[in-house]
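S.K.: One file: protein-v9.pdb (PDB, C-alpha atoms, pLDDT in the B column).
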```
MODEL        1
ATOM      1  CA  MET A1176     -22.645   7.105 -29.600  1.00 78.00           C
ATOM      2  CA  ASN A1177     -23.717   5.935 -33.049  1.00 88.00           C
ATOM      3  CA  MET A1178     -22.049   3.113 -34.988  1.00 86.00           C
ATOM      4  CA  LEU A1179     -19.924   5.413 -37.155  1.00 89.00           C
ATOM      5  CA  GLU A1180     -18.552   7.186 -34.062  1.00 89.00           C
ATOM      6  CA  LYS A1181     -17.729   3.805 -32.475  1.00 87.00           C
ATOM      7  CA  GLU A1182     -15.853   2.675 -35.581  1.00 88.00           C
ATOM      8  CA  VAL A1183     -13.925   5.963 -35.757  1.00 90.00           C
ATOM      9  CA  LYS A1184     -12.910   5.446 -32.115  1.00 90.00           C
ATOM     10  CA  PHE A1185     -11.980   1.830 -32.942  1.00 91.00           C
ATOM     11  CA  PHE A1186      -9.691   2.866 -35.819  1.00 92.00           C
ATOM     12  CA  SER A1187      -8.214   5.739 -33.810  1.00 93.00           C
ATOM     13  CA  ALA A1188      -7.226   3.256 -31.109  1.00 94.00           C
ATOM     14  CA  LEU A1189      -5.502   1.092 -33.729  1.00 93.00           C
ATOM     15  CA  ALA A1190      -3.553   4.060 -35.127  1.00 94.00           C
ATOM     16  CA  SER A1191      -0.500   3.573 -32.910  1.00 95.00           C
ATOM     17  CA  GLU A1192       2.389   1.136 -33.196  1.00 95.00           C
ATOM     18  CA  ILE A1193       2.480   0.663 -29.422  1.00 96.00           C
ATOM     19  CA  ARG A1194      -1.239  -0.078 -29.205  1.00 97.00           C
ATOM     20  CA  LEU A1195      -1.017  -2.545 -32.099  1.00 95.00           C
ATOM     21  CA  ARG A1196       1.866  -4.282 -30.330  1.00 96.00           C
ATOM     22  CA  ILE A1197      -0.181  -4.472 -27.109  1.00 97.00           C
ATOM     23  CA  LEU A1198      -3.158  -5.901 -28.987  1.00 97.00           C
ATOM     24  CA  VAL A1199      -1.024  -8.560 -30.673  1.00 96.00           C
ATOM     25  CA  LEU A1200       0.324  -9.621 -27.271  1.00 96.00           C
ATOM     26  CA  LEU A1201      -3.169  -9.714 -25.772  1.00 96.00           C
ATOM     27  CA  SER A1202      -4.444 -11.733 -28.730  1.00 94.00           C
ATOM     28  CA  ASN A1203      -2.215 -14.541 -27.413  1.00 92.00           C
ATOM     29  CA  LYS A1204      -3.107 -14.444 -23.712  1.00 93.00           C
ATOM     30  CA  GLU A1205      -4.270 -12.354 -20.794  1.00 96.00           C
ATOM     31  CA  LEU A1206      -1.360 -10.341 -19.383  1.00 95.00           C
ATOM     32  CA  CYS A1207      -0.660  -8.348 -16.260  1.00 93.00           C
ATOM     33  CA  GLY A1208       0.270  -4.704 -16.783  1.00 93.00           C
ATOM     34  CA  CYS A1209       3.791  -5.437 -15.521  1.00 90.00           C
ATOM     35  CA  HIS A1210       4.147  -8.168 -18.167  1.00 92.00           C
ATOM     36  CA  LEU A1211       3.374  -5.578 -20.828  1.00 95.00           C
ATOM     37  CA  GLU A1212       5.860  -3.099 -19.334  1.00 93.00           C
ATOM     38  CA  TRP A1213       8.721  -5.575 -19.378  1.00 90.00           C
ATOM     39  CA  THR A1214       7.814  -7.162 -22.694  1.00 93.00           C
ATOM     40  CA  LEU A1215       7.589  -3.810 -24.486  1.00 95.00           C
ATOM     41  CA  LYS A1216      10.421  -2.230 -22.457  1.00 92.00           C
ATOM     42  CA  MET A1217       8.234   0.756 -21.556  1.00 93.00           C
ATOM     43  CA  THR A1218       7.374   2.588 -18.378  1.00 92.00           C
ATOM     44  CA  GLN A1219       4.190   1.901 -16.451  1.00 91.00           C
ATOM     45  CA  ALA A1220       2.867   5.372 -17.306  1.00 93.00           C
ATOM     46  CA  LYS A1221       3.318   4.866 -21.038  1.00 96.00           C
ATOM     47  CA  VAL A1222       1.724   1.408 -21.039  1.00 96.00           C
ATOM     48  CA  SER A1223      -1.183   2.642 -18.886  1.00 96.00           C
ATOM     49  CA  ARG A1224      -1.857   5.570 -21.203  1.00 97.00           C
ATOM     50  CA  HIS A1225      -2.115   3.247 -24.213  1.00 97.00           C
ATOM     51  CA  LEU A1226      -4.221   0.701 -22.319  1.00 98.00           C
ATOM     52  CA  LYS A1227      -6.680   3.483 -21.410  1.00 97.00           C
ATOM     53  CA  VAL A1228      -7.144   4.350 -25.094  1.00 97.00           C
ATOM     54  CA  LEU A1229      -7.738   0.662 -25.875  1.00 97.00           C
ATOM     55  CA  LYS A1230     -10.206   0.280 -22.978  1.00 96.00           C
ATOM     56  CA  ASP A1231     -12.077   3.449 -23.992  1.00 94.00           C
ATOM     57  CA  ALA A1232     -12.437   1.997 -27.511  1.00 93.00           C
ATOM     58  CA  GLU A1233     -13.718  -1.232 -25.887  1.00 93.00           C
ATOM     59  CA  LEU A1234     -10.922  -3.295 -27.450  1.00 95.00           C
ATOM     60  CA  VAL A1235      -9.413  -4.331 -24.117  1.00 97.00           C
ATOM     61  CA  GLN A1236     -10.941  -5.319 -20.806  1.00 97.00           C
ATOM     62  CA  GLU A1237      -9.370  -5.160 -17.360  1.00 97.00           C
ATOM     63  CA  ARG A1238      -9.633  -7.631 -14.499  1.00 96.00           C
ATOM     64  CA  ARG A1239      -8.287  -6.887 -11.018  1.00 95.00           C
ATOM     65  CA  GLU A1240      -6.790  -9.487  -8.712  1.00 91.00           C
ATOM     66  CA  GLY A1241      -5.473  -7.888  -5.543  1.00 89.00           C
ATOM     67  CA  VAL A1242      -2.894  -5.294  -6.556  1.00 88.00           C
ATOM     68  CA  TRP A1243      -2.511  -6.762 -10.046  1.00 88.00           C
ATOM     69  CA  ALA A1244      -4.400  -5.584 -13.129  1.00 94.00           C
ATOM     70  CA  PHE A1245      -4.808  -8.127 -15.919  1.00 96.00           C
ATOM     71  CA  TYR A1246      -5.730  -7.214 -19.477  1.00 97.00           C
ATOM     72  CA  SER A1247      -7.265  -9.215 -22.295  1.00 97.00           C
ATOM     73  CA  LEU A1248      -8.963  -8.553 -25.612  1.00 96.00           C
ATOM     74  CA  SER A1249     -12.651  -7.793 -25.356  1.00 95.00           C
ATOM     75  CA  GLN A1250     -15.005 -10.120 -27.163  1.00 94.00           C
ATOM     76  CA  PRO A1251     -15.495  -8.851 -30.721  1.00 93.00           C
ATOM     77  CA  LYS A1252     -18.912  -7.270 -31.151  1.00 89.00           C
ATOM     78  CA  THR A1253     -18.913  -6.779 -34.926  1.00 89.00           C
ATOM     79  CA  GLU A1254     -17.635  -8.551 -38.030  1.00 91.00           C
ATOM     80  CA  LEU A1255     -15.084  -5.757 -38.414  1.00 89.00           C
ATOM     81  CA  GLU A1256     -13.649  -6.464 -34.956  1.00 90.00           C
ATOM     82  CA  LYS A1257     -13.523 -10.200 -35.677  1.00 92.00           C
ATOM     83  CA  GLU A1258     -11.512  -9.579 -38.857  1.00 92.00           C
ATOM     84  CA  VAL A1259      -9.120  -7.188 -37.116  1.00 91.00           C
ATOM     85  CA  TYR A1260      -8.544  -9.728 -34.322  1.00 90.00           C
ATOM     86  CA  LYS A1261      -7.633 -12.344 -36.959  1.00 89.00           C
ATOM     87  CA  CYS A1262      -5.066  -9.930 -38.411  1.00 88.00           C
ATOM     88  CA  LEU A1263      -3.558  -9.427 -34.965  1.00 86.00           C
ATOM     89  CA  LYS A1264      -2.830 -13.135 -34.658  1.00 84.00           C
ATOM     90  CA  LYS A1265      -1.378 -13.671 -38.120  1.00 87.00           C
ATOM     91  CA  TYR A1266      -0.658 -10.665 -40.345  1.00 89.00           C
ATOM     92  CA  PHE A1267       1.345  -8.493 -37.960  1.00 89.00           C
ATOM     93  CA  VAL A1268       3.267 -11.430 -36.483  1.00 89.00           C
ATOM     94  CA  ASP A1269       4.328 -12.672 -39.899  1.00 90.00           C
ATOM     95  CA  LYS A1270       5.254  -9.229 -41.206  1.00 92.00           C
ATOM     96  CA  TYR A1271       7.081  -7.328 -38.437  1.00 93.00           C
ATOM     97  CA  GLU A1272      10.250  -8.358 -36.633  1.00 94.00           C
ATOM     98  CA  VAL A1273       9.526  -6.089 -33.641  1.00 95.00           C
ATOM     99  CA  ILE A1274       6.300  -7.999 -33.006  1.00 94.00           C
ATOM    100  CA  LYS A1275       8.072 -11.356 -33.267  1.00 94.00           C
ATOM    101  CA  GLN A1276      10.569 -10.036 -30.701  1.00 95.00           C
ATOM    102  CA  ASP A1277       7.715  -8.867 -28.449  1.00 95.00           C
ATOM    103  CA  LEU A1278       6.272 -12.386 -28.474  1.00 94.00           C
ATOM    104  CA  LEU A1279       9.661 -13.882 -27.568  1.00 93.00           C
ATOM    105  CA  ASN A1280      10.067 -11.361 -24.757  1.00 91.00           C
ATOM    106  CA  MET A1281       6.559 -12.093 -23.530  1.00 93.00           C
ATOM    107  CA  GLU A1282       7.277 -15.812 -23.232  1.00 91.00           C
ATOM    108  CA  LYS A1283      10.389 -15.060 -21.152  1.00 87.00           C
ATOM    109  CA  VAL A1284       8.500 -12.670 -18.879  1.00 86.00           C
ATOM    110  CA  VAL A1285       5.271 -14.618 -18.242  1.00 85.00           C
ATOM    111  CA  CYS A1286       7.076 -17.680 -16.934  1.00 79.00           C
ATOM    112  CA  LYS A1287       8.217 -15.676 -13.874  1.00 70.00           C
ATOM    113  CA  PRO A1288       6.049 -15.039 -10.798  1.00 71.00           C
ATOM    114  CA  LEU A1289       4.517 -11.557 -10.818  1.00 68.00           C
ATOM    115  CA  GLU A1290       6.360 -10.654  -7.622  1.00 68.00           C
ATOM    116  CA  MET A1291       9.653 -11.009  -9.520  1.00 67.00           C
ATOM    117  CA  LEU A1292       8.593  -8.317 -12.012  1.00 62.00           C
ATOM    118  CA  PRO A1293       8.578  -5.026 -10.140  1.00 60.00           C
ATOM    119  CA  THR A1294       6.930  -2.174 -11.973  1.00 50.00           C
ATOM    120  CA  VAL A1295       9.296  -0.273 -14.233  1.00 44.00           C
ATOM    121  CA  ARG A1296       8.952   3.326 -13.057  1.00 41.00           C
ATOM    122  CA  LYS A1297      11.856   5.094 -14.748  1.00 44.00           C
ATOM    123  CA  ALA A1298      13.095   4.919 -18.300  1.00 42.00           C
ATOM    124  CA  ASN A1299      16.664   4.249 -17.115  1.00 44.00           C
ATOM    125  CA  GLU A1300      15.454   1.078 -15.346  1.00 51.00           C
ATOM    126  CA  LEU A1301      14.126  -0.418 -18.564  1.00 50.00           C
ATOM    127  CA  PRO A1302      15.818  -3.573 -19.831  1.00 53.00           C
ATOM    128  CA  LYS A1303      18.182  -3.171 -22.749  1.00 55.00           C
ATOM    129  CA  LYS A1304      16.975  -3.863 -26.276  1.00 53.00           C
ATOM    130  CA  GLY A1305      16.561  -7.483 -27.293  1.00 50.00           C
ATOM    131  CA  VAL A1306      15.180 -10.384 -25.326  1.00 47.00           C
ATOM    132  CA  VAL A1307      14.379  -9.563 -21.709  1.00 46.00           C
ATOM    133  CA  LYS A1308      16.753 -11.395 -19.387  1.00 47.00           C
ATOM    134  CA  ILE A1309      15.207 -12.241 -16.051  1.00 41.00           C
TER
ENDMDL
END
```
Would you write the structure of this file as C-alpha cells?
M.R.:
Amino acid sequence: MNMLEKEVKFFSALASEIRLRILVLLSNKELCGCHLEWTLKMTQAKVSRHLKVLKDAELVQERREGVWAFYSLSQPKTELEKEVYKCLKKYFVDKYEVIKQDLLNMEKVVCKPLEMLPTVRKANELPKKGVVKI
C-alpha cells in the first residue's frame, strides 16, 4: 500500500463520530473494550466494529490479557498522525459537549474492577443517557 492509500485509509477511519470519540478516549489512557462499551453506552458489537476499522487503519493497537482486550493509540508514524493526535487531546474536548461527557463517564467506569463491568450485549441493557452510574 502506497503512502496516499494509507492516508486515505487514515482519514476514512476518522470519518465517524463514534470513532473520533473512541480515539479521544484512547488519547487519555489505555482502555478495555468493556470500558469503551459502558463509557459510550454502546453494544459490544458496535464498539468492536469501530475498533476494527481503527486497527485496520493502524490508529489503534490491541493488547490481550486473559479474556480482556485492551486498546490504546498506536504510536504516530508520520507528522500528520502526530498533529491529529494533538487535536484529539485538545480541540475535540474543548469544542464538543458529548466528548466532555464521554471523559466524565470514562472516569466513573475505569475506577471499577473489570469484573464489575459485564459486557453490554443488548441495546436495552445500555445505561441511560448521562453519567454512567455504577
S.K.: Identify which of the residues A:Leu1211, A:Cys1286, A:Met1178, A:Leu1200 lies closest to Thr1253 (chain A), counting only C-alpha atoms when measuring atom-to-atom distances.
M.R.: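 Checking each of A:Leu1211, A:Cys1286, A:Met1178, A:Leu1200 against Thr1253 (chain A), counting only C-alpha atoms, the winner is A:Met1178.
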S.K.: I'd like the box whose edges run along x, y and z of the file and which contains every listed atom of region 1210-1223 of chain A, padded by 6 Å per side; could you state its centre and edge lengths in Å, one decimal, as JSON?
M.R.:
```
{"center_x": 4.6, "center_y": -1.4, "center_z": -20.5, "size_x": 23.6, "size_y": 25.5, "size_z": 20.0}
```
S.K.: Please, what distance in Å, to one decimal, runs between CA of Asp1277 (chain A) and CA of Lys1184 (chain A)?
M.R.: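 Interatomic distance here is 25.4 Å.
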S.K.: Which residues, named as in the file, does the PyMOL selection byres ((chain A and resi 1208) around 8) pick out? Answer as a PyMOL selection string.
M.R.: chain A and resi 1206-1207+1209-1212+1219+1222-1223+1243-1246
S.K.: May I have the residues within 12 Å of Tyr1271 (chain A) as an MDAnalysis selection string, using all atoms listed in the file and disregarding those fewer than 4 positions away in the same chain?
M.R.: chainID A and resid 1192 1195:1196 1199 1263 1265:1267 1275:1278
S.K.: Can you measure CA of Met1176 (chain A) to CA of Ala1220 (chain A) for me? One decimal in Å is fine.
M.R.: 28.4 Å
S.K.: Excluding Ala1188 (chain A) and residues on its chain fewer than 2 positions from it, collect all residues at most 8 Å away from it, counting only C-alpha atoms, and give them as a CSV table (one decimal) with C-alpha atoms, in the frame of the given file.
M.R.:
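In the end it all went to result_15.csv:
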```csv
chain,number,residue,atom,x,y,z
A,1184,LYS,CA,-12.9,5.4,-32.1
A,1185,PHE,CA,-12.0,1.8,-32.9
A,1186,PHE,CA,-9.7,2.9,-35.8
A,1190,ALA,CA,-3.6,4.1,-35.1
A,1191,SER,CA,-0.5,3.6,-32.9
A,1194,ARG,CA,-1.2,-0.1,-29.2
A,1228,VAL,CA,-7.1,4.4,-25.1
A,1229,LEU,CA,-7.7,0.7,-25.9
A,1232,ALA,CA,-12.4,2.0,-27.5
```
S.K.: By how many Å are CA of Asp1231 (chain A) and CA of Tyr1260 (chain A) apart?
M.R.: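 Rounded to one decimal, the two atoms are 17.1 Å apart.
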S.K.: Given the file above and the PyMOL selection byres ((chain A and resi 1279) around 12), which residues are selected, and can you give them as a ChimeraX atom specification?
M.R.: /A:1200,1203,1213-1215,1268,1272-1278,1280-1286,1305-1308
S.K.: Give me the result of the PyMOL selection byres ((chain A and resi 1250) around 10) on this file, residue by residue, as a list in words.
M.R.: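 Checked against the file, the PyMOL selection byres ((chain A and resi 1250) around 10) matches Glu1233, Leu1234, Val1235, Gln1236, Ser1247, Leu1248, Ser1249, Pro1251, Lys1252, Thr1253, Glu1256, Lys1257 and Tyr1260 of chain A.
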